[in-house]
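Dropping data.cif in here (mmCIF, C-alpha atoms):
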data_start
loop_
_atom_site.group_PDB
_atom_site.id
_atom_site.type_symbol
_atom_site.label_atom_id
_atom_site.label_comp_id
_atom_site.auth_asym_id
_atom_site.auth_seq_id
_atom_site.Cartn_x
_atom_site.Cartn_y
_atom_site.Cartn_z
ATOM 1 C CA MET A 1 78.005 277.468 116.629
ATOM 2 C CA GLY A 2 79.070 279.729 119.512
ATOM 3 C CA ASN A 3 77.882 277.359 122.238
ATOM 4 C CA PHE A 4 79.508 274.445 120.417
ATOM 5 C CA PHE A 5 82.839 276.305 120.364
ATOM 6 C CA GLU A 6 82.604 277.375 124.005
ATOM 7 C CA SER A 7 81.674 273.854 125.127
ATOM 8 C CA LEU A 8 85.092 272.630 123.968
ATOM 9 C CA ARG A 9 87.083 275.265 125.850
ATOM 10 C CA LYS A 10 88.066 272.891 128.668
ATOM 11 C CA THR A 11 89.089 270.223 126.142
ATOM 12 C CA ARG A 12 91.295 272.663 124.255
ATOM 13 C CA LYS A 13 93.021 273.938 127.375
ATOM 14 C CA ALA A 14 93.651 270.463 128.766
ATOM 15 C CA VAL A 15 94.996 268.551 125.773
ATOM 16 C CA PHE A 16 94.206 269.546 122.220
ATOM 17 C CA GLY A 17 95.358 273.107 122.698
ATOM 18 C CA GLN A 18 98.779 271.633 123.494
ATOM 19 C CA ILE A 19 98.677 269.802 120.173
ATOM 20 C CA ALA A 20 97.940 273.091 118.409
ATOM 21 C CA GLY A 21 100.922 274.600 120.198
ATOM 22 C CA LEU A 22 103.176 271.649 119.385
ATOM 23 C CA LEU A 23 102.384 271.884 115.688
ATOM 24 C CA GLY A 24 103.307 275.531 115.365
ATOM 25 C CA ALA A 25 106.721 276.865 114.408
ATOM 26 C CA GLY A 26 109.670 274.576 113.811
ATOM 27 C CA GLU A 27 110.502 271.433 111.916
ATOM 28 C CA ILE A 28 109.271 267.880 112.418
ATOM 29 C CA ASP A 29 111.619 265.584 114.337
ATOM 30 C CA GLU A 30 111.244 262.354 116.290
ATOM 31 C CA GLU A 31 110.400 264.306 119.432
ATOM 32 C CA THR A 32 107.448 265.827 117.571
ATOM 33 C CA TRP A 33 106.029 262.376 116.899
ATOM 34 C CA GLU A 34 106.580 261.226 120.487
ATOM 35 C CA GLU A 35 104.887 264.287 121.963
ATOM 36 C CA LEU A 36 102.005 264.042 119.506
ATOM 37 C CA GLU A 37 101.475 260.373 120.379
ATOM 38 C CA ALA A 38 101.452 261.124 124.105
ATOM 39 C CA LEU A 39 99.000 264.010 123.736
ATOM 40 C CA LEU A 40 96.567 262.053 121.547
ATOM 41 C CA ILE A 41 96.493 259.189 124.034
ATOM 42 C CA GLN A 42 96.128 261.646 126.899
ATOM 43 C CA GLY A 43 93.216 263.200 125.001
ATOM 44 C CA ASP A 44 91.431 259.830 125.042
ATOM 45 C CA VAL A 45 91.792 259.066 121.355
ATOM 46 C CA GLY A 46 92.801 255.535 122.384
ATOM 47 C CA VAL A 47 96.065 253.688 121.808
ATOM 48 C CA GLU A 48 94.910 251.692 118.783
ATOM 49 C CA THR A 49 93.408 254.701 117.016
ATOM 50 C CA THR A 50 96.399 256.892 117.883
ATOM 51 C CA LEU A 51 98.978 254.456 116.489
ATOM 52 C CA ALA A 52 97.003 253.972 113.271
ATOM 53 C CA LEU A 53 96.655 257.745 112.920
ATOM 54 C CA LEU A 54 100.381 258.346 113.404
ATOM 55 C CA ASP A 55 101.303 255.631 110.905
ATOM 56 C CA GLU A 56 99.109 257.348 108.333
ATOM 57 C CA LEU A 57 100.614 260.774 109.102
ATOM 58 C CA ARG A 58 104.191 259.502 108.886
ATOM 59 C CA GLU A 59 103.479 258.010 105.462
ATOM 60 C CA ARG A 60 101.924 261.237 104.193
ATOM 61 C CA VAL A 61 104.759 263.370 105.567
ATOM 62 C CA LYS A 62 107.289 261.168 103.785
ATOM 63 C CA ALA A 63 105.335 260.962 100.537
ATOM 64 C CA GLU A 64 104.680 264.715 100.363
ATOM 65 C CA GLY A 65 108.127 265.767 101.551
ATOM 66 C CA ILE A 66 106.760 267.764 104.467
ATOM 67 C CA ILE A 67 109.229 269.100 107.031
ATOM 68 C CA LYS A 68 107.347 271.913 108.827
ATOM 69 C CA ARG A 69 105.238 271.267 111.927
ATOM 70 C CA ARG A 70 102.644 273.744 110.682
ATOM 71 C CA ASP A 71 102.082 271.572 107.594
ATOM 72 C CA LEU A 72 101.803 268.477 109.805
ATOM 73 C CA ARG A 73 99.000 270.227 111.652
ATOM 74 C CA ARG A 74 97.089 270.559 108.391
ATOM 75 C CA LEU A 75 97.524 266.847 107.724
ATOM 76 C CA LEU A 76 96.399 266.056 111.272
ATOM 77 C CA GLU A 77 93.227 268.109 110.852
ATOM 78 C CA GLU A 78 92.426 266.253 107.627
ATOM 79 C CA ALA A 79 93.105 262.872 109.252
ATOM 80 C CA LEU A 80 90.940 263.696 112.284
ATOM 81 C CA ARG A 81 88.065 264.772 110.045
ATOM 82 C CA ALA A 82 88.334 261.456 108.215
ATOM 83 C CA LEU A 83 88.168 259.583 111.528
ATOM 84 C CA LEU A 84 85.036 261.319 112.727
ATOM 85 C CA PRO A 85 81.686 259.618 112.258
ATOM 86 C CA PRO A 86 79.356 261.120 109.674
ATOM 87 C CA ASP A 87 77.357 264.175 110.675
ATOM 88 C CA GLY A 88 74.037 263.317 112.276
ATOM 89 C CA GLY A 89 71.897 264.511 109.421
ATOM 90 C CA THR A 90 68.122 264.640 109.704
ATOM 91 C CA LEU A 91 66.285 262.411 112.175
ATOM 92 C CA ASN A 92 64.100 259.742 110.583
ATOM 93 C CA LEU A 93 60.750 261.192 111.675
ATOM 94 C CA ASP A 94 58.697 261.103 108.468
ATOM 95 C CA TRP A 95 56.097 258.680 109.847
ATOM 96 C CA PRO A 96 52.462 259.019 111.036
ATOM 97 C CA LEU A 97 53.827 258.343 114.538
ATOM 98 C CA ALA A 98 57.612 258.471 114.698
ATOM 99 C CA VAL A 99 59.223 256.673 117.642
ATOM 100 C CA ILE A 100 62.568 257.571 119.199
ATOM 101 C CA LEU A 101 63.945 255.030 121.682
ATOM 102 C CA VAL A 102 66.529 256.531 124.024
ATOM 103 C CA VAL A 103 69.078 254.315 125.806
ATOM 104 C CA GLY A 104 72.127 254.867 127.990
ATOM 105 C CA VAL A 105 73.625 254.210 131.403
ATOM 106 C CA ASN A 106 72.668 255.980 134.622
ATOM 107 C CA GLY A 107 74.169 259.436 134.912
ATOM 108 C CA SER A 108 74.802 259.876 131.204
ATOM 109 C CA GLY A 109 72.329 262.754 130.937
ATOM 110 C CA LYS A 110 69.668 260.669 129.224
ATOM 111 C CA THR A 111 66.549 262.247 130.743
ATOM 112 C CA THR A 112 67.938 265.758 130.368
ATOM 113 C CA THR A 113 68.681 265.079 126.707
ATOM 114 C CA ILE A 114 65.123 263.810 126.157
ATOM 115 C CA GLY A 115 63.783 267.070 127.541
ATOM 116 C CA LYS A 116 66.073 269.116 125.295
ATOM 117 C CA LEU A 117 65.176 267.028 122.250
ATOM 118 C CA ALA A 118 61.446 267.278 122.955
ATOM 119 C CA TYR A 119 61.767 271.040 123.265
ATOM 120 C CA ARG A 120 63.725 271.241 120.019
ATOM 121 C CA LEU A 121 61.188 269.149 118.083
ATOM 122 C CA ARG A 122 58.277 271.138 119.488
ATOM 123 C CA ARG A 123 59.982 274.361 118.427
ATOM 124 C CA GLU A 124 60.161 272.859 114.932
ATOM 125 C CA GLY A 125 56.366 272.558 114.967
ATOM 126 C CA ARG A 126 55.976 268.877 115.867
ATOM 127 C CA SER A 127 53.705 267.517 118.579
ATOM 128 C CA VAL A 128 55.709 265.385 121.005
ATOM 129 C CA MET A 129 54.902 262.910 123.787
ATOM 130 C CA LEU A 130 57.242 261.240 126.289
ATOM 131 C CA ALA A 131 56.929 257.709 127.677
ATOM 132 C CA ALA A 132 58.501 257.078 131.092
ATOM 133 C CA ALA A 133 59.584 253.463 130.593
ATOM 134 C CA ASP A 134 62.225 253.764 133.319
ATOM 135 C CA THR A 135 59.959 252.360 136.034
ATOM 136 C CA PHE A 136 62.701 251.173 138.372
ATOM 137 C CA ARG A 137 63.185 254.531 140.054
ATOM 138 C CA ALA A 138 60.446 256.916 141.152
ATOM 139 C CA ALA A 139 62.983 259.724 140.809
ATOM 140 C CA ALA A 140 63.427 258.921 137.128
ATOM 141 C CA ILE A 141 59.690 259.186 136.485
ATOM 142 C CA GLU A 142 59.479 262.486 138.363
ATOM 143 C CA GLN A 143 62.516 263.854 136.561
ATOM 144 C CA LEU A 144 60.960 263.079 133.175
ATOM 145 C CA ARG A 145 57.719 264.757 134.295
ATOM 146 C CA LEU A 146 59.654 267.902 135.172
ATOM 147 C CA TRP A 147 61.457 267.958 131.828
ATOM 148 C CA GLY A 148 58.145 267.351 130.080
ATOM 149 C CA GLU A 149 56.720 270.429 131.802
ATOM 150 C CA ARG A 150 59.742 272.511 130.850
ATOM 151 C CA ALA A 151 59.513 271.370 127.227
ATOM 152 C CA GLY A 152 55.734 271.792 127.149
ATOM 153 C CA VAL A 153 54.972 268.169 126.212
ATOM 154 C CA PRO A 154 52.821 265.463 127.896
ATOM 155 C CA VAL A 155 54.369 262.484 129.685
ATOM 156 C CA VAL A 156 52.867 258.987 129.955
ATOM 157 C CA THR A 157 53.857 257.212 133.161
ATOM 158 C CA GLY A 158 53.145 253.935 134.956
ATOM 159 C CA GLN A 159 53.603 252.605 138.462
ATOM 160 C CA GLU A 160 57.036 252.509 140.042
ATOM 161 C CA GLY A 161 58.373 248.993 139.616
ATOM 162 C CA GLY A 162 55.797 248.249 136.918
ATOM 163 C CA ASP A 163 56.377 246.687 133.523
ATOM 164 C CA PRO A 164 58.208 249.169 131.266
ATOM 165 C CA ALA A 165 56.784 247.454 128.198
ATOM 166 C CA ALA A 166 53.242 248.136 129.470
ATOM 167 C CA VAL A 167 54.041 251.851 129.714
ATOM 168 C CA VAL A 168 55.230 251.809 126.113
ATOM 169 C CA TYR A 169 52.107 249.942 125.017
ATOM 170 C CA ASP A 170 49.821 252.501 126.692
ATOM 171 C CA ALA A 171 51.862 255.435 125.375
ATOM 172 C CA ILE A 172 51.399 254.218 121.806
ATOM 173 C CA ASP A 173 47.617 254.125 122.236
ATOM 174 C CA ILE A 174 47.509 257.614 123.771
ATOM 175 C CA ALA A 175 49.874 259.079 121.187
ATOM 176 C CA ARG A 176 47.781 257.661 118.358
ATOM 177 C CA SER A 177 44.535 258.940 119.864
ATOM 178 C CA ARG A 178 46.003 262.439 120.059
ATOM 179 C CA LYS A 179 47.565 262.231 116.582
ATOM 180 C CA THR A 180 50.986 262.908 118.055
ATOM 181 C CA ASP A 181 53.891 263.319 115.646
ATOM 182 C CA VAL A 182 56.740 261.962 117.777
ATOM 183 C CA LEU A 183 56.852 259.576 120.748
ATOM 184 C CA ILE A 184 60.123 259.600 122.705
ATOM 185 C CA VAL A 185 60.625 256.564 124.958
ATOM 186 C CA ASP A 186 62.848 256.876 128.025
ATOM 187 C CA THR A 187 64.394 253.659 129.352
ATOM 188 C CA ALA A 188 66.176 252.640 132.545
ATOM 189 C CA GLY A 189 69.828 253.603 132.835
ATOM 190 C CA ARG A 190 71.167 250.198 132.002
ATOM 191 C CA LEU A 191 74.705 249.214 132.786
ATOM 192 C CA HIS A 192 76.151 247.483 129.754
ATOM 193 C CA THR A 193 77.200 244.568 131.988
ATOM 194 C CA GLN A 194 73.653 243.752 133.113
ATOM 195 C CA HIS A 195 72.473 241.083 130.709
ATOM 196 C CA ASN A 196 68.905 240.862 132.027
ATOM 197 C CA LEU A 197 68.343 244.582 131.596
ATOM 198 C CA MET A 198 69.655 244.442 128.052
ATOM 199 C CA GLU A 199 67.157 241.661 127.350
ATOM 200 C CA GLU A 200 64.367 243.859 128.680
ATOM 201 C CA LEU A 201 65.481 246.636 126.368
ATOM 202 C CA ALA A 202 65.258 244.217 123.466
ATOM 203 C CA LYS A 203 61.710 243.334 124.631
ATOM 204 C CA ILE A 204 60.648 246.983 124.501
ATOM 205 C CA ARG A 205 62.094 247.273 121.032
ATOM 206 C CA HIS A 206 60.186 244.164 119.955
ATOM 207 C CA ILE A 207 56.869 245.594 121.202
ATOM 208 C CA LEU A 208 57.485 248.850 119.360
ATOM 209 C CA ALA A 209 58.269 247.022 116.134
ATOM 210 C CA LYS A 210 55.175 244.850 116.483
ATOM 211 C CA ARG A 211 52.761 247.756 117.034
ATOM 212 C CA ILE A 212 54.264 250.436 114.766
ATOM 213 C CA ALA A 213 55.790 249.636 111.398
ATOM 214 C CA TRP A 214 59.580 249.886 111.252
ATOM 215 C CA SER A 215 59.811 251.343 114.758
ATOM 216 C CA PRO A 216 61.736 252.461 116.659
ATOM 217 C CA HIS A 217 62.596 254.782 113.809
ATOM 218 C CA GLU A 218 65.540 256.146 115.772
ATOM 219 C CA THR A 219 67.440 254.538 118.648
ATOM 220 C CA LEU A 220 69.652 257.147 120.239
ATOM 221 C CA LEU A 221 72.474 256.172 122.585
ATOM 222 C CA ILE A 222 73.338 258.858 125.133
ATOM 223 C CA LEU A 223 77.050 258.965 125.964
ATOM 224 C CA ASP A 224 78.727 261.085 128.613
ATOM 225 C CA ALA A 225 81.752 262.819 127.054
ATOM 226 C CA THR A 226 83.577 262.722 130.392
ATOM 227 C CA THR A 227 83.637 258.889 130.451
ATOM 228 C CA GLY A 228 86.394 258.628 127.845
ATOM 229 C CA GLN A 229 87.189 255.208 126.398
ATOM 230 C CA ASN A 230 84.656 253.585 128.738
ATOM 231 C CA GLY A 231 82.043 255.340 126.632
ATOM 232 C CA LEU A 232 83.265 253.413 123.604
ATOM 233 C CA MET A 233 82.788 250.142 125.490
ATOM 234 C CA GLN A 234 79.247 251.234 126.374
ATOM 235 C CA ALA A 235 78.530 251.997 122.746
ATOM 236 C CA GLU A 236 79.773 248.593 121.625
ATOM 237 C CA ARG A 237 77.588 246.772 124.187
ATOM 238 C CA PHE A 238 74.466 248.748 123.348
ATOM 239 C CA THR A 239 74.885 248.227 119.625
ATOM 240 C CA GLU A 240 75.023 244.484 120.333
ATOM 241 C CA ALA A 241 71.699 244.635 122.240
ATOM 242 C CA VAL A 242 69.752 247.060 120.041
ATOM 243 C CA LYS A 243 70.197 248.637 116.654
ATOM 244 C CA VAL A 244 71.560 252.050 117.638
ATOM 245 C CA THR A 245 71.033 254.595 114.861
ATOM 246 C CA GLY A 246 72.863 257.530 116.381
ATOM 247 C CA ILE A 247 74.665 258.984 119.367
ATOM 248 C CA VAL A 248 74.023 262.064 121.466
ATOM 249 C CA LEU A 249 77.167 263.219 123.256
ATOM 250 C CA THR A 250 76.445 264.943 126.569
ATOM 251 C CA LYS A 251 78.515 267.002 129.016
ATOM 252 C CA LEU A 252 80.928 268.034 126.301
ATOM 253 C CA ASP A 253 81.348 271.340 128.125
ATOM 254 C CA GLY A 254 82.541 269.475 131.238
ATOM 255 C CA SER A 255 85.033 267.178 129.519
ATOM 256 C CA ALA A 256 88.779 267.745 129.539
ATOM 257 C CA LYS A 257 89.110 265.194 126.730
ATOM 258 C CA GLY A 258 87.468 264.970 123.335
ATOM 259 C CA GLY A 259 89.205 262.013 121.728
ATOM 260 C CA MET A 260 86.475 259.486 122.514
ATOM 261 C CA VAL A 261 84.507 260.979 119.613
ATOM 262 C CA LEU A 262 87.274 259.956 117.228
ATOM 263 C CA SER A 263 87.333 256.392 118.548
ATOM 264 C CA ILE A 264 83.563 256.102 118.119
ATOM 265 C CA GLY A 265 83.940 257.089 114.499
ATOM 266 C CA LYS A 266 86.713 254.596 113.803
ATOM 267 C CA LYS A 267 85.256 251.658 115.755
ATOM 268 C CA LEU A 268 81.513 251.999 115.161
ATOM 269 C CA GLY A 269 80.889 254.464 112.366
ATOM 270 C CA LEU A 270 77.737 255.625 114.138
ATOM 271 C CA PRO A 271 76.589 259.169 113.398
ATOM 272 C CA ILE A 272 76.598 261.669 116.238
ATOM 273 C CA ARG A 273 73.178 263.290 116.019
ATOM 274 C CA PHE A 274 73.532 265.977 118.670
ATOM 275 C CA VAL A 275 75.925 267.363 121.239
ATOM 276 C CA GLY A 276 74.943 268.749 124.625
ATOM 277 C CA THR A 277 76.623 272.142 124.975
ATOM 278 C CA GLY A 278 75.354 273.238 128.399
ATOM 279 C CA GLU A 279 72.666 272.763 131.038
ATOM 280 C CA GLY A 280 69.904 274.886 129.494
ATOM 281 C CA ILE A 281 66.945 273.420 127.622
ATOM 282 C CA GLU A 282 68.180 274.986 124.365
ATOM 283 C CA ASP A 283 71.736 273.645 124.783
ATOM 284 C CA LEU A 284 71.520 270.850 122.223
ATOM 285 C CA ALA A 285 73.353 271.368 118.943
ATOM 286 C CA PRO A 286 73.473 269.215 115.799
ATOM 287 C CA PHE A 287 76.920 267.651 115.491
ATOM 288 C CA ASP A 288 79.161 269.277 112.885
ATOM 289 C CA ALA A 289 82.427 267.449 112.185
ATOM 290 C CA ASP A 290 84.208 270.460 110.696
ATOM 291 C CA ALA A 291 83.159 272.730 113.556
ATOM 292 C CA PHE A 292 84.253 270.069 116.059
ATOM 293 C CA ILE A 293 87.785 269.828 114.639
ATOM 294 C CA ASP A 294 88.074 273.610 114.257
ATOM 295 C CA ALA A 295 86.995 274.159 117.858
ATOM 296 C CA LEU A 296 89.162 271.315 119.155
ATOM 297 C CA LEU A 297 92.415 272.561 117.614
ATOM 298 C CA HIS A 298 91.776 276.271 117.953
ATOM 299 C CA GLU A 299 94.717 278.061 119.525
ATOM 300 C CA GLU A 300 93.592 279.767 122.717
ATOM 301 C CA GLY A 301 95.901 282.700 122.107
ATOM 302 C CA GLY A 302 93.913 283.529 118.970
ATOM 303 C CA GLU A 303 90.591 283.945 120.744
#

Can the structure in the file be given as structure tokens, please?
Amino acid sequence: MGNFFESLRKTRKAVFGQIAGLLGAGEIDEETWEELEALLIQGDVGVETTLALLDELRERVKAEGIIKRRDLRRLLEEALRALLPPDGGTLNLDWPLAVILVVGVNGSGKTTTIGKLAYRLRREGRSVMLAAADTFRAAAIEQLRLWGERAGVPVVTGQEGGDPAAVVYDAIDIARSRKTDVLIVDTAGRLHTQHNLMEELAKIRHILAKRIAWSPHETLLILDATTGQNGLMQAERFTEAVKVTGIVLTKLDGSAKGGMVLSIGKKLGLPIRFVGTGEGIEDLAPFDADAFIDALLHEEGGE
């Protein structure tokens, strides 16, 4: 988990490392609670989640007779682990043709993640095909082609401005003819406020379900870790439009805050399947809740 640990370095230095420092030597007083509240909110845990977390910690401190800050840190680690969504587990790919629908807003790292995921699945011995259903931008189609080449997988494309659903329809036929194991469908970077685009996404999902039993078998929402609480709003809107089965958190290495992950767990309970830990094609790690908390609250002086 070296890359996973390193990807959280900026987050530790900015906020959560200060929490580790706060909960070191000394006894708990009211100033401790005030500083902890400020740091959690600053770390993008969210006001609602932070206040609920502190209420729980205060009760446990009182019930267990805890007075040392170091012991409060242990309680905090336990409480944060409980907040986190379940680990991603194994992708639901045990089908003759497994379909992964990938959604997310522009700039979230969606196409890059598809390339990394395709590469990972191919390394596991699966045959993979990509469908470029983001037909609104020629650049998006070309970008997916490039990632397909890097990952060593074929890409099905259509005309710029064409019907995304038609691309998906054709991709299914081609994937079946080649006995492909996994079809990954890219979609336009939809803003969660654009109702018509959300309806189109639902249309693609309907076509998949009609042509392949129980598909899409996974619907992955790509979230940019640097977007903070706005990412939570995105997640809520997407889960209203389609049945999201998991989240991939990107740009974790570029984020000064990590608290959004905790809010996702509390609000949505969606599993985080993978975390982007860098820009390379191999920089995609399965999410590990314990490793996340350990890396988040690691004291920099101990490295």

Residues matched by the PyMOL selection byres ((chain A and resi 74-79) around 12), written as an NGL selection string: :A and (16 or 19-20 or 22-24 or 33 or 36-37 or 40 or 49-50 or 52-62 or 64 or 66-73 or 80-84 or 262 or 266 or 289-298)

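This file gives the following result for the PyMOL selection byres ((chain A and resi 230) around 12): Asp44, Val45, Gly46, Val105, Ser108, Leu191, His192, Leu223, Asp224, Ala225, Thr226, Thr227, Gly228, Gln229, Gly231, Leu232, Met233, Gln234, Ala235, Glu236, Arg237, Gly259, Met260, Val261, Ser263 and Ile264 of chain A.
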
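Counting all atoms listed in the file, the residue from A:Gln194, A:Thr135, A:Gln143, A:Ser127 that sits nearest to Gly109 (chain A) is A:Gln143.
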
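Between Thr277 (chain A) and the residues A:Glu149, A:Leu249, A:Leu201, A:Gly258, the shortest atom-to-atom distance, using all atoms listed in the file, involves A:Leu249.
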
- prompt: Using the chain letters and numbers from the file, which residues does the PyMOL selection byres ((chain A and resi 140) around 12) grab, as a ChimeraX atom specification?
  reply: /A:106-107,109-112,131-139,141-147,157-161,186-189

The residues within 10 Å of (52.7, 252.7, 121.7), using all atoms listed in the file and the coordinates of the file, should be reported as an mmCIF file with C-alpha atoms, in the frame of the given file; which are they?
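The resulting result_10.cif:
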data_model
loop_
_atom_site.group_PDB
_atom_site.id
_atom_site.type_symbol
_atom_site.label_atom_id
_atom_site.label_comp_id
_atom_site.auth_asym_id
_atom_site.auth_seq_id
_atom_site.Cartn_x
_atom_site.Cartn_y
_atom_site.Cartn_z
ATOM 1 C CA LEU A 97 53.827 258.343 114.538
ATOM 2 C CA VAL A 99 59.223 256.673 117.642
ATOM 3 C CA ALA A 131 56.929 257.709 127.677
ATOM 4 C CA ALA A 165 56.784 247.454 128.198
ATOM 5 C CA ALA A 166 53.242 248.136 129.470
ATOM 6 C CA VAL A 167 54.041 251.851 129.714
ATOM 7 C CA VAL A 168 55.230 251.809 126.113
ATOM 8 C CA TYR A 169 52.107 249.942 125.017
ATOM 9 C CA ASP A 170 49.821 252.501 126.692
ATOM 10 C CA ALA A 171 51.862 255.435 125.375
ATOM 11 C CA ILE A 172 51.399 254.218 121.806
ATOM 12 C CA ASP A 173 47.617 254.125 122.236
ATOM 13 C CA ILE A 174 47.509 257.614 123.771
ATOM 14 C CA ALA A 175 49.874 259.079 121.187
ATOM 15 C CA ARG A 176 47.781 257.661 118.358
ATOM 16 C CA LEU A 183 56.852 259.576 120.748
ATOM 17 C CA VAL A 185 60.625 256.564 124.958
ATOM 18 C CA ILE A 207 56.869 245.594 121.202
ATOM 19 C CA LEU A 208 57.485 248.850 119.360
ATOM 20 C CA ALA A 209 58.269 247.022 116.134
ATOM 21 C CA LYS A 210 55.175 244.850 116.483
ATOM 22 C CA ARG A 211 52.761 247.756 117.034
ATOM 23 C CA ILE A 212 54.264 250.436 114.766
#

A:Met129, A:Ala118, A:Val15, A:Leu220 ranked by distance to Gln42 (chain A), top pick (using only C-alpha atoms): A:Val15

Would you mind listing what lies within 12 Å of Lys116 (chain A) as an mmCIF file with C-alpha atoms, in the frame of the given file, with all atoms listed in the file counted and same-chain residues fewer than 3 positions away left out?
data_model
loop_
_atom_site.group_PDB
_atom_site.id
_atom_site.type_symbol
_atom_site.label_atom_id
_atom_site.label_comp_id
_atom_site.auth_asym_id
_atom_site.auth_seq_id
_atom_site.Cartn_x
_atom_site.Cartn_y
_atom_site.Cartn_z
ATOM 1 C CA GLY A 109 72.329 262.754 130.937
ATOM 2 C CA LYS A 110 69.668 260.669 129.224
ATOM 3 C CA THR A 111 66.549 262.247 130.743
ATOM 4 C CA THR A 112 67.938 265.758 130.368
ATOM 5 C CA THR A 113 68.681 265.079 126.707
ATOM 6 C CA TYR A 119 61.767 271.040 123.265
ATOM 7 C CA ARG A 120 63.725 271.241 120.019
ATOM 8 C CA LEU A 121 61.188 269.149 118.083
ATOM 9 C CA ARG A 122 58.277 271.138 119.488
ATOM 10 C CA ARG A 123 59.982 274.361 118.427
ATOM 11 C CA VAL A 128 55.709 265.385 121.005
ATOM 12 C CA LEU A 130 57.242 261.240 126.289
ATOM 13 C CA LEU A 144 60.960 263.079 133.175
ATOM 14 C CA LEU A 146 59.654 267.902 135.172
ATOM 15 C CA TRP A 147 61.457 267.958 131.828
ATOM 16 C CA GLY A 148 58.145 267.351 130.080
ATOM 17 C CA GLU A 149 56.720 270.429 131.802
ATOM 18 C CA ARG A 150 59.742 272.511 130.850
ATOM 19 C CA ALA A 151 59.513 271.370 127.227
ATOM 20 C CA GLY A 152 55.734 271.792 127.149
ATOM 21 C CA VAL A 153 54.972 268.169 126.212
ATOM 22 C CA ILE A 184 60.123 259.600 122.705
ATOM 23 C CA VAL A 248 74.023 262.064 121.466
ATOM 24 C CA THR A 250 76.445 264.943 126.569
ATOM 25 C CA PHE A 274 73.532 265.977 118.670
ATOM 26 C CA VAL A 275 75.925 267.363 121.239
ATOM 27 C CA GLY A 276 74.943 268.749 124.625
ATOM 28 C CA THR A 277 76.623 272.142 124.975
ATOM 29 C CA GLY A 278 75.354 273.238 128.399
ATOM 30 C CA GLU A 279 72.666 272.763 131.038
ATOM 31 C CA GLY A 280 69.904 274.886 129.494
ATOM 32 C CA ILE A 281 66.945 273.420 127.622
ATOM 33 C CA GLU A 282 68.180 274.986 124.365
ATOM 34 C CA ASP A 283 71.736 273.645 124.783
ATOM 35 C CA LEU A 284 71.520 270.850 122.223
ATOM 36 C CA ALA A 285 73.353 271.368 118.943
#

Centre and edge lengths of an axis-aligned box around all listed atoms of region 275-285 of chain A, with 5 Å added on each side, are to be given in Å to one decimal, as AutoDock Vina command-line options.
--center_x 71.8 --center_y 271.2 --center_z 125.0 --size_x 19.7 --size_y 17.6 --size_z 22.1

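Between CA of Leu221 (chain A) and CA of Thr90 (chain A) the interatomic distance comes to 16.0 Å.
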
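Separating CA of Lys179 (chain A) from CA of Glu218 (chain A) is a distance of 19.0 Å.
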
field: CA of Leu51 (chain A) to CA of Ile28 (chain A), straight-line distance in Å
entry: 17.4 Å

query: Given the choices A:Glu124, A:Trp95, A:Lys243, A:Arg205, which gets closest to Pro164 (chain A) if the distance is worked out from only C-alpha atoms?
result: A:Arg205
